[in-house]
Structures are given as C-alpha cells and as structure tokens.
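Printed here is target_34.txt (compact mmCIF, C-alpha atoms and all ligand atoms):
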```txt
# COMPACT_ATOMS: atom_id res chain seq x y z
CA MET A 1 86.03 81.89 179.37
CA LYS A 2 88.81 79.36 178.75
CA ARG A 3 91.67 79.50 181.23
CA LEU A 4 95.18 80.40 180.27
CA LEU A 5 97.39 77.31 180.58
CA SER A 6 100.91 78.06 179.44
CA ALA A 7 103.19 80.15 177.26
CA GLU A 8 106.47 79.33 175.57
CA LYS A 9 108.85 81.64 173.79
CA SER A 10 110.74 80.83 170.62
CA ASP A 11 114.47 80.18 170.95
CA ASP A 12 115.28 83.69 169.75
CA GLY A 13 112.63 85.24 172.03
CA VAL A 14 110.91 86.99 169.14
CA VAL A 15 107.63 85.03 169.30
CA LEU A 16 105.50 83.84 172.21
CA THR A 17 102.96 81.04 171.82
CA VAL A 18 100.12 81.16 174.34
CA HIS A 19 97.88 78.16 175.11
CA TRP A 20 94.38 78.15 176.59
CA GLU A 21 92.12 75.31 177.73
CA GLY A 22 90.44 73.46 174.90
CA GLY A 23 93.49 73.52 172.63
CA HIS A 24 93.23 77.21 171.68
CA ARG A 25 96.54 78.88 170.99
CA ALA A 26 97.82 82.10 169.52
CA ARG A 27 101.24 83.44 168.66
CA PHE A 28 102.31 86.99 169.55
CA HIS A 29 105.40 88.92 168.53
CA ALA A 30 107.60 90.30 171.31
CA MET A 31 107.49 93.77 169.74
CA TRP A 32 103.69 93.69 169.51
CA LEU A 33 103.34 92.62 173.13
CA ARG A 34 105.76 95.28 174.35
CA ASP A 35 104.04 98.02 172.34
CA ASN A 36 100.65 96.98 173.74
CA ALA A 37 101.77 96.58 177.34
CA PRO A 38 98.95 97.74 179.64
CA ASP A 39 101.20 98.96 182.47
CA PRO A 40 100.70 102.55 183.66
CA ALA A 41 104.08 103.68 182.31
CA THR A 42 103.04 102.59 178.80
CA ARG A 43 99.30 103.36 178.83
CA SER A 44 97.50 106.10 180.71
CA PRO A 45 95.26 104.48 183.33
CA THR A 46 92.76 107.34 182.90
CA ASN A 47 92.22 107.60 179.15
CA ALA A 48 94.08 104.50 177.84
CA GLN A 49 96.21 106.65 175.55
CA ARG A 50 99.73 105.37 174.85
CA LEU A 51 102.38 107.34 176.73
CA ILE A 52 105.44 106.22 174.74
CA THR A 53 106.43 106.11 171.09
CA LEU A 54 107.82 103.11 169.27
CA HIS A 55 111.22 104.81 169.41
CA ASP A 56 111.13 104.35 173.18
CA ILE A 57 111.07 100.58 172.70
CA PRO A 58 114.40 99.02 171.69
CA ALA A 59 114.32 97.62 168.15
CA ASP A 60 115.97 94.41 169.42
CA THR A 61 113.24 93.76 172.02
CA THR A 62 112.78 90.07 172.81
CA ILE A 63 111.02 87.98 175.42
CA ALA A 64 113.47 86.98 178.14
CA ASP A 65 110.95 85.03 180.16
CA ALA A 66 107.18 84.27 180.21
CA THR A 67 105.13 82.66 182.98
CA VAL A 68 101.44 81.97 183.58
CA SER A 69 99.60 82.12 186.87
CA ASN A 70 96.05 82.98 187.97
CA ASP A 71 94.94 83.41 184.35
CA MET A 72 97.53 86.13 183.81
CA LEU A 73 100.55 86.10 181.51
CA SER A 74 103.69 87.72 182.86
CA VAL A 75 106.35 88.67 180.34
CA ARG A 76 109.86 89.95 181.02
CA PHE A 77 111.20 91.92 178.06
CA ALA A 78 114.90 92.23 177.19
CA PRO A 79 116.91 94.37 176.98
CA GLU A 80 114.69 96.67 179.08
CA GLU A 81 114.36 94.07 181.86
CA LYS A 82 110.77 95.24 182.17
CA THR A 83 108.07 92.83 183.39
CA VAL A 84 104.47 93.31 182.27
CA ALA A 85 101.28 91.36 183.11
CA PHE A 86 98.64 90.67 180.43
CA PRO A 87 95.15 89.41 181.38
CA SER A 88 94.12 86.22 179.60
CA GLY A 89 90.87 87.74 178.32
CA TRP A 90 92.67 90.70 176.79
CA LEU A 91 95.03 88.37 174.93
CA ARG A 92 92.11 86.30 173.62
CA ASP A 93 90.23 89.41 172.50
CA HIS A 94 93.25 90.83 170.70
CA ALA A 95 94.79 87.68 169.21
CA TYR A 96 95.76 88.28 165.58
CA ASP A 97 97.00 84.78 164.83
CA VAL A 98 93.50 83.37 164.37
CA ARG A 99 91.86 85.24 161.53
CA ALA A 100 91.51 83.81 158.08
CA GLY A 101 91.21 86.23 155.18
CA ASN A 102 87.70 87.63 154.95
CA GLY A 103 87.64 88.14 151.20
CA THR A 104 86.67 91.19 149.22
CA GLY A 105 83.51 92.93 150.35
CA TRP A 106 83.31 91.54 153.87
CA THR A 107 81.29 93.39 156.49
CA SER A 108 81.65 93.73 160.23
CA PRO A 109 79.75 91.21 162.39
CA ASP A 110 78.16 94.29 164.00
CA LEU A 111 76.19 94.87 160.80
CA GLU A 112 73.13 93.12 159.43
CA ILE A 113 72.47 93.46 155.74
CA TRP A 114 68.81 93.89 154.73
CA ASP A 115 66.48 94.21 151.77
CA GLY A 116 62.87 95.27 151.15
CA GLN A 117 61.57 92.64 153.59
CA PHE A 118 63.09 94.54 156.49
CA ASP A 119 60.54 95.50 159.16
CA VAL A 120 60.88 99.21 159.96
CA LEU A 121 59.35 98.60 163.40
CA ARG A 122 62.60 96.88 164.43
CA VAL A 123 64.37 100.25 164.30
CA THR A 124 61.48 102.52 165.27
CA GLY A 125 61.70 104.35 168.58
CA ASN A 126 59.36 106.73 170.34
CA TYR A 127 60.87 110.21 170.40
CA GLN A 128 60.15 110.89 174.05
CA ASN A 129 61.30 107.44 175.22
CA VAL A 130 64.55 107.70 173.30
CA HIS A 131 65.03 111.24 174.57
CA ASP A 132 64.35 110.41 178.23
CA ASP A 133 65.46 106.82 178.73
CA ALA A 134 69.11 105.74 178.39
CA ASP A 135 68.16 102.13 177.60
CA ALA A 136 65.79 103.21 174.85
CA LEU A 137 68.48 105.52 173.44
CA LYS A 138 71.02 102.69 173.55
CA ASP A 139 68.69 100.33 171.66
CA TRP A 140 67.85 102.99 169.09
CA LEU A 141 71.50 103.86 168.46
CA ALA A 142 72.39 100.17 168.28
CA GLY A 143 69.84 99.90 165.47
CA VAL A 144 71.61 102.68 163.57
CA ARG A 145 74.94 100.90 163.99
CA CYS A 146 73.54 97.53 162.91
CA TYR A 147 71.18 98.50 160.08
CA GLY A 148 72.42 101.96 159.13
CA PHE A 149 68.94 103.31 159.58
CA ALA A 150 66.36 104.06 162.28
CA LYS A 151 63.15 106.00 162.74
CA LEU A 152 61.55 108.06 165.51
CA THR A 153 57.83 108.70 165.97
CA ASP A 154 55.70 111.10 167.99
CA GLY A 155 58.21 113.92 168.18
CA PRO A 156 57.37 117.62 168.36
CA VAL A 157 56.04 119.22 165.20
CA ALA A 158 58.34 122.18 165.47
CA SER A 159 60.88 123.76 163.17
CA GLY A 160 64.40 122.86 164.29
CA ALA A 161 63.33 119.79 166.29
CA LEU A 162 65.80 117.74 164.24
CA LEU A 163 68.64 119.48 166.08
CA ASP A 164 67.37 117.96 169.32
CA VAL A 165 67.53 114.52 167.70
CA ALA A 166 71.19 115.10 166.79
CA SER A 167 71.94 116.34 170.30
CA MET A 168 70.66 113.04 171.76
CA PHE A 169 73.86 111.36 170.51
CA GLY A 170 76.26 113.92 169.10
CA TYR A 171 76.66 117.05 167.06
CA VAL A 172 75.27 118.54 163.88
CA ARG A 173 77.77 118.92 161.08
CA GLU A 174 77.23 122.40 159.72
CA THR A 175 77.80 122.82 155.99
CA ASN A 176 77.32 125.47 153.33
CA TYR A 177 73.62 124.54 153.54
CA GLY A 178 73.61 125.73 157.15
CA LYS A 179 72.93 123.84 160.38
CA TRP A 180 69.90 122.40 158.64
CA PHE A 181 68.13 122.74 155.32
CA GLU A 182 64.54 122.79 154.14
CA VAL A 183 63.01 120.15 151.88
CA ARG A 184 59.68 121.65 150.83
CA THR A 185 57.38 120.55 148.04
CA GLU A 186 54.01 121.97 147.13
CA VAL A 187 52.11 119.56 144.95
CA ASN A 188 50.06 121.67 142.58
CA PRO A 189 47.46 119.64 140.69
CA THR A 190 47.29 122.26 137.93
CA ASN A 191 50.98 121.93 137.26
CA LEU A 192 51.77 118.43 136.07
CA ALA A 193 55.47 119.13 136.43
CA TYR A 194 55.06 118.39 140.13
CA THR A 195 53.30 115.07 139.67
CA GLY A 196 55.08 111.78 139.80
CA LEU A 197 58.32 113.44 140.75
CA GLY A 198 60.25 110.67 142.46
CA LEU A 199 63.83 110.88 143.60
CA GLN A 200 66.13 107.93 143.01
CA ALA A 201 67.67 106.55 146.17
CA HIS A 202 71.05 108.16 146.73
CA THR A 203 73.64 109.04 149.31
CA ASP A 204 74.00 112.71 150.13
CA ASN A 205 76.91 114.99 149.35
CA PRO A 206 79.38 112.55 147.77
CA TYR A 207 81.21 115.70 146.60
CA ARG A 208 82.38 116.25 150.20
CA ASP A 209 85.49 114.58 151.56
CA PRO A 210 84.72 113.25 154.06
CA VAL A 211 81.01 112.84 153.36
CA PRO A 212 78.62 113.59 156.21
CA THR A 213 78.29 110.16 157.77
CA LEU A 214 74.77 110.63 159.16
CA GLN A 215 71.70 112.41 157.87
CA ILE A 216 68.47 113.15 159.75
CA LEU A 217 65.29 113.95 157.84
CA TYR A 218 62.48 115.30 160.02
CA CYS A 219 58.87 115.68 158.85
CA LEU A 220 56.81 118.76 159.69
CA GLU A 221 54.04 118.45 157.05
CA ASN A 222 53.08 115.63 154.73
CA SER A 223 49.60 116.05 153.32
CA ALA A 224 50.52 115.15 149.73
CA ALA A 225 49.43 111.75 148.46
CA GLY A 226 52.63 109.83 147.73
CA GLY A 227 56.03 111.23 148.52
CA ASP A 228 56.85 108.22 150.68
CA SER A 229 60.39 107.96 151.98
CA GLN A 230 62.44 105.03 150.77
CA VAL A 231 65.69 103.59 152.05
CA VAL A 232 67.96 101.00 150.47
CA ASP A 233 70.86 99.17 152.09
CA GLY A 234 73.74 100.18 149.82
CA PHE A 235 75.88 97.37 151.23
CA ALA A 236 73.17 94.87 150.19
CA ALA A 237 73.15 96.41 146.71
CA ALA A 238 76.95 96.25 146.46
CA LEU A 239 77.02 92.63 147.61
CA ARG A 240 74.33 91.72 145.08
CA LEU A 241 76.44 93.33 142.36
CA ARG A 242 79.45 91.37 143.58
CA ALA A 243 77.47 88.11 143.40
CA GLU A 244 76.13 88.87 139.91
CA ASP A 245 79.20 90.48 138.40
CA PRO A 246 82.43 90.23 140.40
CA ARG A 247 84.39 92.09 137.74
CA GLY A 248 81.91 94.96 137.71
CA PHE A 249 82.08 95.15 141.51
CA ASP A 250 85.85 95.18 141.28
CA LEU A 251 85.80 98.05 138.76
CA LEU A 252 83.58 100.21 140.98
CA THR A 253 85.88 99.61 143.95
CA ARG A 254 89.17 99.98 142.11
CA TYR A 255 88.61 103.26 140.25
CA CYS A 256 87.61 106.66 141.55
CA ALA A 257 84.50 108.42 140.36
CA ARG A 258 84.29 112.19 140.50
CA PHE A 259 81.60 114.15 142.28
CA GLU A 260 80.94 117.85 142.10
CA TYR A 261 78.58 120.53 143.39
CA ARG A 262 78.75 124.09 142.16
CA GLY A 263 76.46 126.24 144.25
CA ALA A 264 75.50 129.83 143.85
CA GLY A 265 78.22 132.25 144.87
CA ASP A 266 81.30 130.89 146.51
CA VAL A 267 80.60 127.15 146.80
CA HIS A 268 82.42 124.60 144.66
CA LEU A 269 82.81 121.14 146.16
CA VAL A 270 84.66 118.33 144.41
CA SER A 271 85.81 114.87 145.38
CA ARG A 272 87.57 111.95 143.76
CA LYS A 273 86.41 108.76 145.45
CA PRO A 274 85.11 105.32 144.43
CA MET A 275 81.38 104.54 144.30
CA ILE A 276 82.09 101.44 146.37
CA GLU A 277 84.98 102.03 148.77
CA LEU A 278 86.75 99.16 150.48
CA THR A 279 89.32 99.23 153.24
CA PRO A 280 92.77 97.92 152.25
CA ASP A 281 91.76 94.46 153.55
CA GLY A 282 88.53 94.38 151.58
CA GLU A 283 85.89 95.50 154.07
CA LEU A 284 82.93 97.35 152.58
CA ALA A 285 83.43 100.89 153.85
CA VAL A 286 81.49 103.55 151.94
CA ILE A 287 78.88 103.68 149.19
CA ARG A 288 78.67 106.87 147.13
CA PHE A 289 75.79 106.91 144.69
CA ASN A 290 74.16 110.10 143.47
CA ASN A 291 73.38 110.63 139.81
CA ARG A 292 72.87 114.39 140.26
CA SER A 293 76.30 114.92 141.75
CA THR A 294 78.37 112.58 139.60
CA ALA A 295 80.79 114.58 137.49
CA ALA A 296 82.65 113.41 134.38
CA ILE A 297 84.50 110.27 135.41
CA THR A 298 88.03 110.50 134.08
CA ASP A 299 90.02 108.12 136.27
CA VAL A 300 88.93 104.89 134.60
CA PRO A 301 91.29 103.75 131.84
CA PHE A 302 89.79 103.67 128.34
CA ASP A 303 89.89 99.87 128.21
CA ASP A 304 87.88 99.55 131.43
CA MET A 305 85.38 102.39 130.87
CA ALA A 306 82.75 100.29 129.07
CA GLY A 307 82.84 97.68 131.84
CA TYR A 308 82.78 100.41 134.47
CA TYR A 309 79.68 101.99 132.96
CA ALA A 310 77.96 98.60 132.72
CA ALA A 311 78.65 98.02 136.43
CA TYR A 312 77.51 101.57 137.33
CA ARG A 313 74.29 100.98 135.38
CA ARG A 314 73.73 97.59 137.03
CA LEU A 315 74.33 99.00 140.52
CA GLY A 316 71.68 101.63 139.77
CA GLU A 317 69.24 98.96 138.58
CA ILE A 318 69.79 96.98 141.77
CA ILE A 319 69.24 100.11 143.87
CA ASP A 320 66.03 100.82 141.92
CA ASP A 321 64.74 97.26 142.34
CA PRO A 322 61.61 97.53 144.54
CA ALA A 323 62.70 94.30 146.26
CA MET A 324 65.62 96.23 147.80
CA ALA A 325 63.69 99.23 149.15
CA VAL A 326 61.91 99.80 152.41
CA GLY A 327 59.24 102.49 152.12
CA PHE A 328 57.29 104.41 154.73
CA LYS A 329 55.34 107.62 154.88
CA LEU A 330 56.62 110.06 157.47
CA GLN A 331 53.97 111.75 159.56
CA PRO A 332 54.51 115.21 161.06
CA GLY A 333 56.74 114.78 164.12
CA GLU A 334 58.44 111.69 162.69
CA CYS A 335 61.99 111.46 161.41
CA PHE A 336 64.53 108.97 160.24
CA ILE A 337 68.29 108.80 160.35
CA VAL A 338 70.55 107.07 157.86
CA ASP A 339 74.20 106.10 157.89
CA ASN A 340 75.07 108.11 154.79
CA THR A 341 78.11 105.93 154.11
CA ARG A 342 75.87 102.90 153.67
CA VAL A 343 72.12 103.49 153.35
CA LEU A 344 70.62 105.35 150.41
CA HIS A 345 67.46 107.40 150.74
CA GLY A 346 64.93 108.52 148.16
CA ARG A 347 61.33 109.49 147.68
CA SER A 348 58.46 108.03 145.70
CA GLY A 349 56.46 110.24 143.33
CA TYR A 350 53.35 112.21 144.25
CA ALA A 351 49.79 111.81 143.08
CA ASP A 352 48.47 115.02 141.50
CA SER A 353 45.90 115.65 144.21
CA GLY A 354 47.68 118.54 145.87
CA GLY A 355 49.10 118.95 149.34
CA THR A 356 52.37 119.94 150.90
CA ARG A 357 55.42 118.10 152.13
CA TRP A 358 57.85 119.85 154.43
CA LEU A 359 60.88 118.10 155.80
CA GLN A 360 63.97 119.50 157.45
CA GLY A 361 67.31 117.79 157.06
CA CYS A 362 70.64 118.00 158.81
CA TYR A 363 73.94 116.16 158.90
CA ALA A 364 75.83 114.68 161.80
CA ASP A 365 78.64 112.15 162.18
CA LYS A 366 78.94 108.54 163.25
CA ASP A 367 81.91 109.03 165.54
CA GLY A 368 79.73 110.90 168.05
CA LEU A 369 76.89 108.39 167.73
CA LEU A 370 79.16 105.37 168.18
CA SER A 371 80.92 107.04 171.11
CA THR A 372 77.59 107.68 172.87
CA LEU A 373 76.50 104.12 172.15
CA SER A 374 79.76 102.65 173.43
CA VAL A 375 79.51 104.59 176.69
CA LEU A 376 75.86 103.54 177.13
CA GLU A 377 76.79 99.91 176.53
CA GLN A 378 79.66 100.04 179.04
CA THR A 379 77.42 101.68 181.62
CA CYS A 380 74.89 98.92 181.01
CA LEU A 381 77.57 96.23 181.53
CA GLU A 382 78.75 97.88 184.74
CA ASP A 383 75.14 98.00 185.99
CA VAL A 384 74.77 94.27 185.35
CA ALA A 385 78.12 93.53 187.04
FE FE2 A 401 69.19 113.38 149.82
```
Please rewrite the model in this file as structure tokens.
Ligand code: FE2
Amino acid sequence: MKRLLSAEKSDDGVVLTVHWEGGHRARFHAMWLRDNAPDPATRSPTNAQRLITLHDIPADTTIADATVSNDMLSVRFAPEEKTVAFPSGWLRDHAYDVRAGNGTGWTSPDLEIWDGQFDVLRVTGNYQNVHDDADALKDWLAGVRCYGFAKLTDGPVASGALLDVASMFGYVRETNYGKWFEVRTEVNPTNLAYTGLGLQAHTDNPYRDPVPTLQILYCLENSAAGGDSQVVDGFAAALRLRAEDPRGFDLLTRYCARFEYRGAGDVHLVSRKPMIELTPDGELAVIRFNNRSTAAITDVPFDDMAGYYAAYRRLGEIIDDPAMAVGFKLQPGECFIVDNTRVLHGRSGYADSGGTRWLQGCYADKDGLLSTLSVLEQTCLEDVA
C-alpha cells in the first residue's frame, strides 16, 4: 500500500488534493469528505449506518485545515470547527477522481463473462461439503457471483430439498407459484407431441417487478433420454449483440418491452422493462428474455420498431447459438442455481424412448446470497489476519 504523503486545500477550501507515494493523487470535495466522515457522531460504529442527514451539514462547508501524519489525513471543517481523521487506505479505496468512463455495456470486475467453452466443474460443488464447510460454501457462492451460475451434486433425492439449498445462503422468495413449483415431464413414446420438446433459453418471470434474482432447479428424477439443462450467459449474448450491431443493442436498452402472465383465477402480472437493462452509467444490469411471456410491445416508436424487432430477433439467434450454451444432464440429487438477472436457462429436447423428468424449482434473491458471501469473505480475512 502506498503511503499518504500530503494534502493541500484549494484557496476557497472547497477541494482537497491528496498525494500518495508513487505520484498518485486524488481530489475530494469538502462536502463529500464531511458527509463521509467516519467519526462515531457521523457513522454508527456498530452497523456503519449514517447518523446525520445532509441538512445537518452546513451548505457552506469548507476545509479550514488538512494535515497528514502516520498515513492518516486529518481534516478540520469550517464552519463546524469539527476535525475528522480519514485512513489513507479508505481514501484510496473510495477515490472518485480516478475513473475514466466505462462506456455502454460495461460489467463489474467481479464478473467473468463466458460462453459454451465454460467448464461446469469450475462452479460445481458437493452438496454436503457446501452445506457443512464454510470455505466450500464461500467458494460456491463466489462462483454464483462471478459466473451467475453454479451446480451442486450428490444431494438428497427428496422432495423439498431445494429449500435447504436456499437456506444455505438466504431465503426463498415465495410467489403465486408457491414456495416451490414442480417441473414434471413424462416422455410417452406413443405420443409424439412429447418428443423433441426443447425449451429456448430464457430468464424466468420477466413479468414480475422486481424479477426473482435467483432460481434453483433441483432434480429428483431424470430417466428420459435428452432433456439436458442448458445455460447461457445473457451478458455474453448482449455484449455479442453490441459488438455486431451497436444500434440494435442500443434499441433494446433504450426502450421498454412489456411482459405479462395471466394465470388461472386471480393472478395477472405485468411489467414494463427493457430486455437489456443498463444502469444510468451504462453498466449491464438485467437481461429479460422470455418469448412466452413477452406481451405486445407498444413503447417503441413506429420509426424504431423495425430496428427493434431485428435486434430482438438477433439477440434470440445469439442465445440459440450452440456456441453460447453450456449443457449438462442433471442426475437425481443434483441442482443448479442461476442469477436470473443474467443467466438464461433452457432444456434440450427428448428422444422418444420414454422416461420421466422431475425437477423442483424455487426462487430466491441475490441480496441474501451476496450478504452471506460478504460475511464469509470478511471472516476469512479476519482468520488470515
Ligand atoms: Fe424457466
């Protein structure tokens, strides 16, 4: 870690420039520093929640004085006459004067984008290990964060076991389908309607707002020939579309699609969201792709609709490209989890030789998973320290 060398304030005290060894420097605004002061009157020492509002900080806050010693920055704010110490490492980690624009469609460095060459073994954990061992759980959850997908093997062949998978990191999201739902297929060789019935890779429930951000699919029977599970990195598909057709990518990000599910009885779910959602600064955020649930799209202006449909078609072709998909056959007691905001899942067709396929599915959310992972990673760091 580079040492903090010096800090000088602007003449009006509104900006502070901080210098580290090696010529690194970053500018900070007085208001930003005051709002992010780590002292116990500003931030709770127990849960790090802010204890004041911006109204509690004078609008004319400036830096009266700034000194550096022992790798700490000490700032005296006027007119409060309040002195606050900032650790050098914290300032480096939170510097905002160093980032260039990332461009449209950027992704977090925490993520790795993949295609059909991806080796499923890299994200495959043993059920019992992941259940019993915190390190194994940490590695497995880190795989979900990085790749948006992971698998477990050798779990119990028992109805409802998928709930135990969710409870390893968080909570099931109950929906109108219940805590979990059944995915059962009986392949009847005398009924050709059941043969070759594949399911295009898709994200689940785009008609919900917010969508369930995780899905677990757990296998209890799989004696049918075929019916392999397939997953596709939707971010990889979106980035390929961007490379091939930037305008088409732009259309799918800029306009909302409509999604709808009308169930029996009292269920009617609708949403108005883009197929490729970006954050305001261009980060790839959510993929929604599900031909069964796409309603009439009415938010694209007439002049852009032809281009929009061409991009929608091309995105589907990319998703269907076998070079993008990772396939595997789930055995009873195996399951996989997908980040439903990123990774699409589907199923290959069956041969007409008979057999059954019984999966159970449930939804959960990434906030719980990422929270569990973060705590495991901090515990790991503390153990090393
Ligand atoms: Fe699905």
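Residue nearest ligand FE2 401 (chain A), chosen from A:Tyr147, A:Phe181, A:Tyr312, A:Tyr96 and counting all atoms listed in the file: A:Phe181.
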Using only C-alpha atoms and all ligand atoms, find each residue of chain A with at least one atom at most 12 Å away from an atom of ligand FE2 401 (chain A); report its shortest atom-to-atom pair and that distance in Å (one decimal), sort the rows by chain and rising residue number, and return the result as CSV.
```
residue,atom,partner,partner_atom,distance
A:Phe181,CA,A:FE2_401,FE,10.9
A:Glu182,CA,A:FE2_401,FE,11.4
A:Val183,CA,A:FE2_401,FE,9.4
A:Gly198,CA,A:FE2_401,FE,11.9
A:Leu199,CA,A:FE2_401,FE,8.6
A:Gln200,CA,A:FE2_401,FE,9.2
A:Ala201,CA,A:FE2_401,FE,7.9
A:His202,CA,A:FE2_401,FE,6.3
A:Thr203,CA,A:FE2_401,FE,6.2
A:Asp204,CA,A:FE2_401,FE,4.9
A:Asn205,CA,A:FE2_401,FE,7.9
A:Pro206,CA,A:FE2_401,FE,10.4
A:Pro212,CA,A:FE2_401,FE,11.4
A:Leu214,CA,A:FE2_401,FE,11.2
A:Gln215,CA,A:FE2_401,FE,8.5
A:Ile216,CA,A:FE2_401,FE,10.0
A:Leu217,CA,A:FE2_401,FE,8.9
A:Ser229,CA,A:FE2_401,FE,10.6
A:Gln230,CA,A:FE2_401,FE,10.8
A:Val231,CA,A:FE2_401,FE,10.6
A:Arg288,CA,A:FE2_401,FE,11.8
A:Phe289,CA,A:FE2_401,FE,10.6
A:Asn290,CA,A:FE2_401,FE,8.7
A:Asn291,CA,A:FE2_401,FE,11.2
A:Arg292,CA,A:FE2_401,FE,10.3
A:Ser293,CA,A:FE2_401,FE,10.9
A:Ile337,CA,A:FE2_401,FE,11.5
A:Val338,CA,A:FE2_401,FE,10.3
A:Asp339,CA,A:FE2_401,FE,12.0
A:Asn340,CA,A:FE2_401,FE,9.3
A:Val343,CA,A:FE2_401,FE,10.9
A:Leu344,CA,A:FE2_401,FE,8.2
A:His345,CA,A:FE2_401,FE,6.3
A:Gly346,CA,A:FE2_401,FE,6.7
A:Arg347,CA,A:FE2_401,FE,9.0
A:Leu359,CA,A:FE2_401,FE,11.3
A:Gln360,CA,A:FE2_401,FE,11.1
A:Gly361,CA,A:FE2_401,FE,8.7
A:Cys362,CA,A:FE2_401,FE,10.2
A:Tyr363,CA,A:FE2_401,FE,10.6
```
I need the chosen residues saved as a compact mmCIF listing (two decimals), in the frame of the given file, with C-alpha atoms.
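Written out: out-v8.txt:
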```txt
# COMPACT_ATOMS: atom_id res chain seq x y z
CA PHE A 181 68.13 122.74 155.32
CA GLU A 182 64.54 122.79 154.14
CA VAL A 183 63.01 120.15 151.88
CA GLY A 198 60.25 110.67 142.46
CA LEU A 199 63.83 110.88 143.60
CA GLN A 200 66.13 107.93 143.01
CA ALA A 201 67.67 106.55 146.17
CA HIS A 202 71.05 108.16 146.73
CA THR A 203 73.64 109.04 149.31
CA ASP A 204 74.00 112.71 150.13
CA ASN A 205 76.91 114.99 149.35
CA PRO A 206 79.38 112.55 147.77
CA PRO A 212 78.62 113.59 156.21
CA LEU A 214 74.77 110.63 159.16
CA GLN A 215 71.70 112.41 157.87
CA ILE A 216 68.47 113.15 159.75
CA LEU A 217 65.29 113.95 157.84
CA SER A 229 60.39 107.96 151.98
CA GLN A 230 62.44 105.03 150.77
CA VAL A 231 65.69 103.59 152.05
CA ARG A 288 78.67 106.87 147.13
CA PHE A 289 75.79 106.91 144.69
CA ASN A 290 74.16 110.10 143.47
CA ASN A 291 73.38 110.63 139.81
CA ARG A 292 72.87 114.39 140.26
CA SER A 293 76.30 114.92 141.75
CA ILE A 337 68.29 108.80 160.35
CA VAL A 338 70.55 107.07 157.86
CA ASP A 339 74.20 106.10 157.89
CA ASN A 340 75.07 108.11 154.79
CA VAL A 343 72.12 103.49 153.35
CA LEU A 344 70.62 105.35 150.41
CA HIS A 345 67.46 107.40 150.74
CA GLY A 346 64.93 108.52 148.16
CA ARG A 347 61.33 109.49 147.68
CA LEU A 359 60.88 118.10 155.80
CA GLN A 360 63.97 119.50 157.45
CA GLY A 361 67.31 117.79 157.06
CA CYS A 362 70.64 118.00 158.81
CA TYR A 363 73.94 116.16 158.90
```
Within 12 Å of (93.7, 99.4, 177.5) in the file's own coordinates, which protein, DNA or RNA residues have an atom, counting all atoms listed in the file? List them as a PDB file with C-alpha atoms, in the coordinates of the input.
```pdb
ATOM      1  CA  ASP A  35     104.040  98.020 172.340  1.00  0.00           C
ATOM      2  CA  ASN A  36     100.650  96.980 173.740  1.00  0.00           C
ATOM      3  CA  ALA A  37     101.770  96.580 177.340  1.00  0.00           C
ATOM      4  CA  PRO A  38      98.950  97.740 179.640  1.00  0.00           C
ATOM      5  CA  ASP A  39     101.200  98.960 182.470  1.00  0.00           C
ATOM      6  CA  PRO A  40     100.700 102.550 183.660  1.00  0.00           C
ATOM      7  CA  THR A  42     103.040 102.590 178.800  1.00  0.00           C
ATOM      8  CA  ARG A  43      99.300 103.360 178.830  1.00  0.00           C
ATOM      9  CA  SER A  44      97.500 106.100 180.710  1.00  0.00           C
ATOM     10  CA  PRO A  45      95.260 104.480 183.330  1.00  0.00           C
ATOM     11  CA  THR A  46      92.760 107.340 182.900  1.00  0.00           C
ATOM     12  CA  ASN A  47      92.220 107.600 179.150  1.00  0.00           C
ATOM     13  CA  ALA A  48      94.080 104.500 177.840  1.00  0.00           C
ATOM     14  CA  GLN A  49      96.210 106.650 175.550  1.00  0.00           C
ATOM     15  CA  ARG A  50      99.730 105.370 174.850  1.00  0.00           C
ATOM     16  CA  LEU A  51     102.380 107.340 176.730  1.00  0.00           C
ATOM     17  CA  PHE A  86      98.640  90.670 180.430  1.00  0.00           C
ATOM     18  CA  PRO A  87      95.150  89.410 181.380  1.00  0.00           C
ATOM     19  CA  TRP A  90      92.670  90.700 176.790  1.00  0.00           C
ATOM     20  CA  LEU A  91      95.030  88.370 174.930  1.00  0.00           C
ATOM     21  CA  ASP A  93      90.230  89.410 172.500  1.00  0.00           C
ATOM     22  CA  HIS A  94      93.250  90.830 170.700  1.00  0.00           C
TER      23      HIS A  94
END
```
Task: Residue among A:Ala311, A:Met31, A:Met168, A:Ala161 lying closest to Trp180 (chain A), counting all atoms listed in the file - done: A:Ala161
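Closest to Lys329 (chain A) among A:Thr185, A:Ser223, A:Thr372, A:Thr62 is A:Ser223, based on all atoms listed in the file.
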- [ ] Find the residues near Lys151 (chain A): any atom within 9 Å, counting all atoms listed in the file, skip ones fewer than 3 places away on the same chain, and give them as a VMD selection string.
- [x] chain A and resid 120 to 121 123 to 126 140 334 to 338
Store the residues picked out above, limited to C-alpha atoms, as an mmCIF file, in the frame of the given file.
```
data_model
loop_
_atom_site.group_PDB
_atom_site.id
_atom_site.type_symbol
_atom_site.label_atom_id
_atom_site.label_comp_id
_atom_site.auth_asym_id
_atom_site.auth_seq_id
_atom_site.Cartn_x
_atom_site.Cartn_y
_atom_site.Cartn_z
ATOM 1 C CA VAL A 120 60.880 99.210 159.960
ATOM 2 C CA LEU A 121 59.350 98.600 163.400
ATOM 3 C CA VAL A 123 64.370 100.250 164.300
ATOM 4 C CA THR A 124 61.480 102.520 165.270
ATOM 5 C CA GLY A 125 61.700 104.350 168.580
ATOM 6 C CA ASN A 126 59.360 106.730 170.340
ATOM 7 C CA TRP A 140 67.850 102.990 169.090
ATOM 8 C CA GLU A 334 58.440 111.690 162.690
ATOM 9 C CA CYS A 335 61.990 111.460 161.410
ATOM 10 C CA PHE A 336 64.530 108.970 160.240
ATOM 11 C CA ILE A 337 68.290 108.800 160.350
ATOM 12 C CA VAL A 338 70.550 107.070 157.860
#
```
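Shown here are all protein and nucleic acid residues lying within 12 Å of (98.4, 80.0, 190.6), with all atoms listed in the file considered: Arg3, Leu4, Leu5, Ser6, Thr67, Val68, Ser69, Asn70, Asp71, Met72 and Leu73 of chain A.
Note that CA of Phe149 (chain A) and CA of Leu111 (chain A) are 11.2 Å apart.
Minimum distance to Asp228 (chain A) across A:Ala243, A:Ala136, A:Leu330, A:Ile57 (counting only C-alpha atoms) occurs at A:Leu330.
If you measure from each of A:Ser348, A:Thr83, A:Thr17, A:Ser10 to Gly226 (chain A) using only C-alpha atoms, the closest one turns out to be A:Ser348.
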Task: For CA of Val75 (chain A) and CA of Val18 (chain A), the interatomic separation in Å (one decimal) - done: 11.5 Å
Open item on the list: Show me, as a list in words, the residues that have an atom within 7 Å of Arg258 (chain A) when counting all atoms listed in the file, minus same-chain residues fewer than 5 positions from it.
Closed with: Ser271, Arg272, Lys273, Thr294, Ala295, Ala296 and Ile297 of chain A
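Each of A:Gly368, A:Lys9, A:Arg247, A:Gly355 was compared to Ala310 (chain A) using only C-alpha atoms, and A:Arg247 turns out to be the nearest.
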